[in-house]
>>> print(open('input-v3.txt').read())   # compact mmCIF, C-alpha atoms (C1' of nucleotides)
# COMPACT_ATOMS: atom_id res chain seq x y z
CA MET A 1 -31.27 11.64 -32.92
CA PRO A 2 -32.05 10.46 -36.33
CA GLU A 3 -34.83 8.83 -38.09
CA LEU A 4 -35.51 10.08 -41.58
CA PRO A 5 -37.27 13.30 -40.50
CA GLU A 6 -34.32 14.27 -38.31
CA VAL A 7 -31.88 13.61 -41.09
CA GLU A 8 -33.97 15.58 -43.56
CA THR A 9 -34.18 18.44 -41.08
CA THR A 10 -30.45 18.35 -40.49
CA LYS A 11 -29.77 18.34 -44.23
CA ASN A 12 -32.06 21.33 -44.76
CA GLY A 13 -30.39 23.18 -41.91
CA LEU A 14 -26.97 22.54 -43.37
CA LYS A 15 -28.14 23.83 -46.72
CA LYS A 16 -29.23 27.06 -45.11
CA LEU A 17 -25.95 27.58 -43.32
CA LEU A 18 -23.22 26.00 -45.42
CA LEU A 19 -24.26 26.09 -49.08
CA ASN A 20 -21.52 27.52 -51.32
CA LYS A 21 -19.13 27.66 -48.39
CA LYS A 22 -15.54 26.67 -48.89
CA ILE A 23 -13.97 24.13 -46.56
CA LEU A 24 -10.83 25.75 -45.19
CA LYS A 25 -9.80 23.17 -42.65
CA VAL A 26 -10.77 19.64 -41.62
CA GLU A 27 -10.14 18.16 -38.22
CA ILE A 28 -10.65 14.58 -37.07
CA ARG A 29 -10.62 14.44 -33.30
CA ASN A 30 -11.67 10.81 -33.06
CA PRO A 31 -11.59 8.65 -36.19
CA ASN A 32 -13.14 5.62 -34.50
CA LEU A 33 -16.70 5.82 -35.70
CA ARG A 34 -18.68 2.90 -37.12
CA TRP A 35 -15.92 2.68 -39.66
CA ARG A 36 -12.57 4.28 -39.05
CA VAL A 37 -12.32 7.65 -40.78
CA ASP A 38 -9.30 7.70 -43.06
CA ASP A 39 -6.87 10.58 -42.66
CA SER A 40 -6.84 11.05 -46.42
CA ILE A 41 -10.29 12.61 -46.13
CA ILE A 42 -8.60 15.75 -44.83
CA PHE A 43 -6.84 16.71 -48.05
CA LYS A 44 -9.66 15.36 -50.18
CA LEU A 45 -12.07 17.85 -48.59
CA GLN A 46 -9.74 20.76 -48.19
CA SER A 47 -10.42 23.82 -50.40
CA GLN A 48 -13.57 22.28 -51.82
CA THR A 49 -16.79 24.25 -52.03
CA ILE A 50 -20.15 22.72 -51.11
CA GLN A 51 -22.26 22.91 -54.26
CA SER A 52 -25.41 21.29 -52.89
CA PHE A 53 -26.82 19.03 -50.22
CA SER A 54 -28.89 15.92 -50.67
CA ARG A 55 -30.09 12.92 -48.73
CA ARG A 56 -30.34 9.24 -49.53
CA GLY A 57 -31.95 7.18 -46.80
CA LYS A 58 -30.36 8.41 -43.62
CA TYR A 59 -27.18 9.47 -45.34
CA ILE A 60 -26.49 13.18 -45.78
CA LEU A 61 -24.54 14.04 -48.91
CA PHE A 62 -22.40 17.14 -49.19
CA ASN A 63 -21.93 17.48 -52.93
CA LEU A 64 -18.57 19.12 -53.58
CA ASP A 65 -16.62 20.41 -56.59
CA ARG A 66 -15.20 16.95 -56.92
CA GLY A 67 -16.81 14.08 -55.05
CA HIS A 68 -19.07 13.91 -52.03
CA LEU A 69 -18.85 13.93 -48.28
CA MET A 70 -21.28 11.34 -46.92
CA ILE A 71 -22.32 11.40 -43.27
CA HIS A 72 -24.54 9.04 -41.31
CA LEU A 73 -25.62 10.06 -37.83
CA GLY A 74 -26.02 6.56 -36.43
CA MET A 75 -28.03 6.39 -33.21
CA SER A 76 -26.72 9.41 -31.40
CA GLY A 77 -25.13 11.68 -33.99
CA ASN A 78 -25.86 15.37 -34.18
CA ILE A 79 -24.51 18.10 -36.40
CA ASN A 80 -24.09 21.65 -35.20
CA VAL A 81 -23.05 24.74 -37.06
CA THR A 82 -21.75 27.57 -34.93
CA ASP A 83 -19.79 30.75 -35.15
CA CYS A 84 -16.06 30.36 -35.06
CA PRO A 85 -14.35 29.84 -32.70
CA THR A 86 -16.49 27.69 -30.45
CA SER A 87 -15.52 25.73 -27.39
CA LEU A 88 -15.63 22.07 -28.28
CA GLU A 89 -17.67 19.52 -26.45
CA LYS A 90 -17.12 15.93 -25.52
CA HIS A 91 -17.76 13.65 -28.52
CA ASP A 92 -17.16 16.33 -31.13
CA HIS A 93 -15.37 13.93 -33.47
CA PHE A 94 -15.26 15.65 -36.82
CA LEU A 95 -14.94 19.33 -37.62
CA LEU A 96 -15.20 21.41 -40.76
CA TYR A 97 -14.00 25.01 -40.66
CA PHE A 98 -15.30 27.72 -42.98
CA ASN A 99 -14.38 31.38 -43.15
CA ASP A 100 -16.83 32.53 -40.49
CA ARG A 101 -18.31 29.37 -39.02
CA MET A 102 -17.67 25.76 -38.25
CA MET A 103 -19.51 22.46 -38.35
CA ARG A 104 -19.19 19.82 -35.66
CA LEU A 105 -20.31 16.21 -35.73
CA ASN A 106 -21.05 15.13 -32.18
CA ASP A 107 -21.75 11.44 -31.67
CA PRO A 108 -21.48 9.88 -28.20
CA ARG A 109 -22.06 6.30 -29.27
CA ARG A 110 -20.00 6.56 -32.45
CA PHE A 111 -22.35 4.50 -34.60
CA GLY A 112 -22.25 7.24 -37.19
CA SER A 113 -20.02 7.19 -40.22
CA ILE A 114 -18.14 9.50 -42.55
CA PHE A 115 -16.96 8.76 -46.07
CA PHE A 116 -15.50 10.63 -48.97
CA LEU A 117 -16.94 9.36 -52.26
CA GLU A 118 -15.49 10.03 -55.69
CA ASP A 119 -18.95 9.29 -57.06
CA LEU A 120 -22.26 8.00 -55.74
CA ASN A 121 -21.58 4.46 -56.82
CA HIS A 122 -20.93 3.21 -53.32
CA LYS A 123 -21.73 -0.14 -51.75
CA LEU A 124 -23.68 1.37 -48.85
CA LEU A 125 -25.80 3.51 -51.16
CA ASN A 126 -26.32 0.88 -53.80
CA SER A 127 -27.88 -1.53 -51.35
CA LEU A 128 -30.55 0.92 -50.22
CA GLY A 129 -34.23 0.39 -50.93
CA VAL A 130 -36.70 2.98 -52.16
CA GLU A 131 -37.33 6.40 -50.66
CA PRO A 132 -40.67 6.28 -48.82
CA LEU A 133 -41.64 9.73 -50.07
CA SER A 134 -40.85 9.05 -53.71
CA GLU A 135 -43.02 7.69 -56.52
CA ASP A 136 -41.17 4.40 -56.32
CA PHE A 137 -42.90 3.73 -53.04
CA HIS A 138 -46.22 3.18 -54.76
CA SER A 139 -49.20 1.51 -53.17
CA ASN A 140 -48.29 -1.98 -54.34
CA TYR A 141 -44.58 -1.81 -53.60
CA LEU A 142 -44.71 -3.41 -50.16
CA TYR A 143 -47.23 -6.01 -51.26
CA ILE A 144 -45.19 -7.12 -54.23
CA ASN A 145 -41.94 -7.29 -52.31
CA SER A 146 -43.36 -9.10 -49.32
CA ARG A 147 -44.54 -12.20 -51.12
CA LYS A 148 -42.66 -15.19 -49.72
CA LYS A 149 -41.25 -13.12 -46.86
CA SER A 150 -41.87 -15.05 -43.68
CA ARG A 151 -40.46 -12.47 -41.31
CA ASN A 152 -42.55 -10.16 -39.21
CA ILE A 153 -43.93 -7.01 -40.76
CA LYS A 154 -42.06 -4.71 -38.43
CA SER A 155 -38.63 -5.96 -39.39
CA PHE A 156 -39.75 -5.94 -43.02
CA ILE A 157 -40.60 -2.23 -43.08
CA MET A 158 -37.51 -1.39 -41.02
CA ASP A 159 -35.27 -3.12 -43.55
CA GLY A 160 -33.36 -0.43 -45.42
CA LYS A 161 -33.02 -2.73 -48.40
CA VAL A 162 -36.79 -2.61 -48.76
CA VAL A 163 -37.57 0.99 -47.86
CA VAL A 164 -35.23 3.50 -46.27
CA GLY A 165 -35.84 5.80 -43.36
CA VAL A 166 -38.40 3.87 -41.33
CA GLY A 167 -36.79 3.53 -37.93
CA ASN A 168 -38.07 1.99 -34.75
CA ILE A 169 -40.36 4.84 -33.76
CA TYR A 170 -42.09 5.27 -37.09
CA ALA A 171 -42.34 1.55 -37.69
CA CYS A 172 -44.30 1.24 -34.44
CA GLU A 173 -46.37 4.31 -35.16
CA SER A 174 -47.32 3.46 -38.72
CA LEU A 175 -48.26 -0.12 -37.81
CA HIS A 176 -50.49 1.20 -35.07
CA LYS A 177 -52.15 3.66 -37.42
CA SER A 178 -52.71 0.83 -39.89
CA GLY A 179 -54.12 -1.50 -37.25
CA ILE A 180 -51.56 -4.18 -38.10
CA ASN A 181 -50.06 -6.41 -35.43
CA PRO A 182 -46.27 -6.08 -35.67
CA LYS A 183 -45.85 -9.83 -35.28
CA THR A 184 -47.77 -10.62 -38.46
CA LYS A 185 -45.71 -12.28 -41.16
CA ALA A 186 -45.09 -9.93 -44.05
CA CYS A 187 -46.37 -12.49 -46.57
CA ASN A 188 -49.70 -12.79 -44.79
CA ILE A 189 -50.74 -9.18 -45.24
CA SER A 190 -53.21 -8.32 -47.96
CA ARG A 191 -52.73 -5.83 -50.76
CA GLU A 192 -55.38 -3.60 -49.20
CA ARG A 193 -53.68 -3.50 -45.84
CA TYR A 194 -50.35 -2.72 -47.50
CA GLN A 195 -51.92 0.16 -49.36
CA ASN A 196 -53.06 1.54 -46.06
CA LEU A 197 -49.71 0.87 -44.40
CA SER A 198 -47.69 2.61 -47.08
CA LYS A 199 -49.99 5.62 -46.81
CA GLN A 200 -49.56 5.69 -43.03
CA ILE A 201 -45.78 5.45 -43.33
CA GLN A 202 -45.78 8.43 -45.66
CA ASN A 203 -48.15 10.41 -43.48
CA VAL A 204 -46.21 9.86 -40.31
CA LEU A 205 -42.92 10.76 -41.98
CA ARG A 206 -44.29 13.87 -43.68
CA LYS A 207 -45.82 15.04 -40.44
CA ALA A 208 -42.57 14.51 -38.58
CA ILE A 209 -40.56 16.34 -41.22
CA LYS A 210 -42.93 19.24 -40.87
CA ALA A 211 -42.47 19.18 -37.10
CA GLY A 212 -38.73 18.97 -37.67
CA GLY A 213 -39.03 22.31 -39.38
CA THR A 214 -39.58 23.95 -36.04
CA THR A 215 -36.34 22.36 -34.91
CA LEU A 216 -34.62 24.21 -37.71
CA GLN A 217 -34.56 27.48 -35.83
CA ASP A 218 -32.47 25.91 -33.12
CA PHE A 219 -30.10 24.49 -35.63
CA ALA A 220 -27.36 27.08 -35.40
CA LYS A 221 -27.51 27.41 -31.66
CA VAL A 222 -24.66 26.02 -29.66
CA ASP A 223 -27.03 24.16 -27.41
CA GLY A 224 -29.39 23.36 -30.24
CA ASN A 225 -30.85 19.97 -29.53
CA PRO A 226 -33.62 18.91 -31.88
CA GLY A 227 -36.99 18.73 -30.17
CA TYR A 228 -37.64 15.26 -31.33
CA PHE A 229 -39.83 14.20 -28.47
CA SER A 230 -42.31 16.96 -29.06
CA GLN A 231 -43.97 14.57 -31.52
CA GLU A 232 -47.24 13.26 -30.36
CA LEU A 233 -46.62 9.55 -30.43
CA SER A 234 -49.47 7.06 -30.31
CA VAL A 235 -47.66 3.98 -29.05
CA TYR A 236 -43.90 4.47 -28.95
CA GLY A 237 -42.68 4.79 -25.36
CA ARG A 238 -46.20 4.36 -24.02
CA GLU A 239 -46.01 0.92 -22.42
CA ASN A 240 -48.93 0.27 -20.04
CA GLU A 241 -50.65 3.46 -21.07
CA SER A 242 -53.98 3.33 -22.83
CA CYS A 243 -54.46 3.32 -26.56
CA TYR A 244 -55.96 6.52 -27.95
CA LYS A 245 -58.03 4.52 -30.41
CA CYS A 246 -59.56 1.76 -28.31
CA ASN A 247 -58.44 2.39 -24.74
CA GLY A 248 -56.56 -0.94 -24.72
CA LYS A 249 -53.32 -1.30 -22.79
CA ILE A 250 -50.23 -0.68 -24.89
CA ARG A 251 -47.66 -3.43 -24.67
CA ARG A 252 -43.92 -3.53 -25.17
CA ILE A 253 -42.34 -6.63 -26.66
CA ILE A 254 -38.89 -7.32 -28.11
CA GLN A 255 -38.64 -8.06 -31.81
CA ASN A 256 -35.33 -8.42 -33.58
CA GLN A 257 -33.54 -7.03 -30.52
CA ARG A 258 -35.60 -3.85 -30.56
CA SER A 259 -38.53 -2.69 -28.48
CA THR A 260 -41.88 -2.80 -30.21
CA PHE A 261 -44.81 -0.89 -28.80
CA TYR A 262 -48.28 -1.84 -29.95
CA CYS A 263 -51.88 -2.22 -28.92
CA PRO A 264 -52.94 -5.89 -28.89
CA ILE A 265 -56.61 -4.88 -29.05
CA CYS A 266 -56.71 -2.79 -32.20
CA GLN A 267 -53.65 -4.16 -34.00
CA LYS A 268 -54.64 -7.51 -35.39
C1' DA B 1 -32.04 -16.15 -51.06
C1' DC B 2 -33.55 -15.55 -46.56
C1' DA B 3 -33.85 -14.91 -41.42
C1' DC B 4 -31.73 -13.98 -37.54
C1' DT B 5 -27.85 -12.69 -34.21
C1' DA B 6 -23.97 -10.30 -32.49
C1' DA B 7 -21.49 -6.45 -32.66
C1' DC B 8 -20.07 -1.71 -32.76
C1' DC B 9 -20.32 2.38 -28.34
C1' DT B 10 -21.62 5.81 -24.36
C1' DG B 11 -24.87 7.63 -21.14
C1' DC B 12 -28.67 7.64 -18.37
C1' DA B 13 -32.24 5.96 -15.18
C1' DA B 14 -33.86 2.55 -12.13
C1' DG B 15 -33.16 -0.87 -8.71
C1' DC B 16 -30.59 -2.78 -4.98
C1' DT C 1 -23.29 6.50 -2.11
C1' DG C 2 -21.94 3.30 -5.56
C1' DC C 3 -22.59 -0.77 -8.15
C1' DT C 4 -25.26 -3.45 -11.66
C1' DT C 5 -28.65 -3.85 -15.07
C1' DG C 6 -31.30 -2.57 -18.87
C1' DC C 7 -32.32 0.44 -22.32
C1' DA C 8 -31.67 3.96 -26.23
C1' DG C 9 -33.67 7.10 -32.53
C1' DG C 10 -29.03 2.28 -36.72
C1' DT C 11 -27.13 -1.00 -39.68
C1' DT C 12 -23.65 -4.23 -41.13
C1' DA C 13 -21.11 -8.72 -41.34
C1' DG C 14 -21.50 -13.19 -40.30
C1' DT C 15 -23.87 -17.62 -39.48
C1' DG C 16 -27.01 -21.35 -40.32
>>> encode(input="input-v3.txt", output="structure tokens")
Amino acid sequence: MPELPEVETTKNGLKKLLLNKKILKVEIRNPNLRWRVDDSIIFKLQSQTIQSFSRRGKYILFNLDRGHLMIHLGMSGNINVTDCPTSLEKHDHFLLYFNDRMMRLNDPRRFGSIFFLEDLNHKLLNSLGVEPLSEDFHSNYLYINSRKKSRNIKSFIMDGKVVVGVGNIYACESLHKSGINPKTKACNISRERYQNLSKQIQNVLRKAIKAGGTTLQDFAKVDGNPGYFSQELSVYGRENESCYKCNGKIRRIIQNQRSTFYCPICQK
DNA sequence: ACACTAACCTGCAAGC
DNA sequence: TGCTTGCAGGTTAGTG
């Protein structure tokens, strides 16, 4: 269920429930995720205490006594913390047991991933772009990095090597709020429009993280499914409905193998 | 260096 | 009712 706000919410929930907990047992029920989970992770994690949690892009980092557990939720991943014992569900692939509770990674499509890192110098982390809510994502960042980029603006802002955490929903939403047509070439967008776009990206993410906070209460529940769709979305999933801004008809097109929702009237 | 595709999976809803 | 099709919140490796 994860775009950046979901991951941030998940990370904060884990912090609440698992900080300073000692991992007593590790169980891999299905190692075939995006990358096969190596059995050696079991003894590497065992007996370690979780010192802190952090997030980089859509990766959740469990910072341990020695090394880090890094988890990505892919398209359909979800982490639950429950009392122990709990009846397991289909697609519960990876389990951590603590003295009085357990953590389950459930991921039907198995696009998620799990790694043990000795340190944070890892290929997948090193290739990530800036955090959208950090100072590095300043008003000129997108403008500067988009010069000579002929690809469309939507794929540009969804590129994790440019800026992390902007998934399909928030790419559509922030482009709509900025009044930018998603088909526009990244190099053809002015500095002024990029300043607006970066602000809209931050706004939409901050707002969603705040909304994710309400999800937090459900976090420990067995049936706790994040209420992601409670967002009020302006264009995403609203094909053929009317635009809140201009009453135009919202269209769905395919860009880079993904659905794009936009309003052809007010996104130019 | 850049742009774009195929690929990794399951589940669900819609259409026939 | 069952079958087929299309679609889903991500991201990498590979190709040209």
>>> atom_distance(input="input-v3.txt", atom1="atom C1' of DG9 of chain C", atom2="atom CA of Gln202 of chain A")
17.9 Å
>>> closest_atom_pairs(input="input-v3.txt", of="chain C", to="chain A", cutoff="12 Å", atoms="all atoms listed in the file", output="tab-separated table")
residue	atom	partner	partner_atom	distance
C:DC7	C1'	A:Ser259	CA	9.3
C:DA8	C1'	A:Met75	CA	8.2
C:DG9	C1'	A:Met1	CA	5.2
C:DG10	C1'	A:Gly74	CA	5.2
C:DT11	C1'	A:Gly74	CA	8.3
C:DT12	C1'	A:Leu124	CA	9.5
>>> write_last_selection(input="input-v3.txt", atoms="C-alpha atoms (C1' of nucleotides)", output="tab-separated table (two decimals), keeping the file's coordinate frame")
chain	number	residue	atom	x	y	z
C	7	DC	C1'	-32.32	0.44	-22.32
C	8	DA	C1'	-31.67	3.96	-26.23
C	9	DG	C1'	-33.67	7.10	-32.53
C	10	DG	C1'	-29.03	2.28	-36.72
C	11	DT	C1'	-27.13	-1.00	-39.68
C	12	DT	C1'	-23.65	-4.23	-41.13
>>> interface_residues(input="input-v3.txt", of="chain A", to="chain B", cutoff="9 Å", atoms="all atoms listed in the file", output="PyMOL selection string")
chain A and resi 33-34+108-111+149-151+256-257
>>> atom_distance(input="input-v3.txt", atom1="atom CA of Ile79 of chain A", atom2="atom CA of Ile60 of chain A")
10.8 Å
>>> residues_around(input="input-v3.txt", residues="Phe156 of chain A", least_positions_apart="3", cutoff="10 Å", atoms="only C-alpha atoms (C1' of nucleotides)", output="ChimeraX atom specification")
/A:142,145-146,149-153,159-163,171,182,185-187
>>> atom_distance(input="input-v3.txt", atom1="atom CA of Val164 of chain A", atom2="atom CA of Gln255 of chain A")
18.8 Å
>>> residues_around(input="input-v3.txt", residues="Arg36 of chain A", least_positions_apart="5", cutoff="10 Å", atoms="all atoms listed in the file", output="list in words")
Asn30, Pro31, Ser113, Ile114 and Phe115 of chain A
>>> write_last_selection(input="input-v3.txt", atoms="C-alpha atoms", output="tab-separated table (two decimals), keeping the file's coordinate frame")
chain	number	residue	atom	x	y	z
A	30	ASN	CA	-11.67	10.81	-33.06
A	31	PRO	CA	-11.59	8.65	-36.19
A	113	SER	CA	-20.02	7.19	-40.22
A	114	ILE	CA	-18.14	9.50	-42.55
A	115	PHE	CA	-16.96	8.76	-46.07
>>> axis_aligned_box(input="input-v3.txt", around="segment 1-15 of chain C", padding_each_side="4 Å", output="lines of an AutoDock Vina configuration file")
center_x = -27.4
center_y = -5.3
center_z = -21.7
size_x = 20.6
size_y = 32.7
size_z = 47.2
>>> residues_around(input="input-v3.txt", residues="Pro5 of chain A", least_positions_apart="3", cutoff="10 Å", atoms="only C-alpha atoms (C1' of nucleotides)", output="VMD selection string")
chain A and resid 1 to 2 8 to 11 58 165 to 166 170 204 to 213 228
>>> closest_residue(input="input-v3.txt", among="A:Asn196, A:Glu232, A:Arg104, A:Thr260", to="Ser155 of chain A", atoms="only C-alpha atoms")
A:Thr260
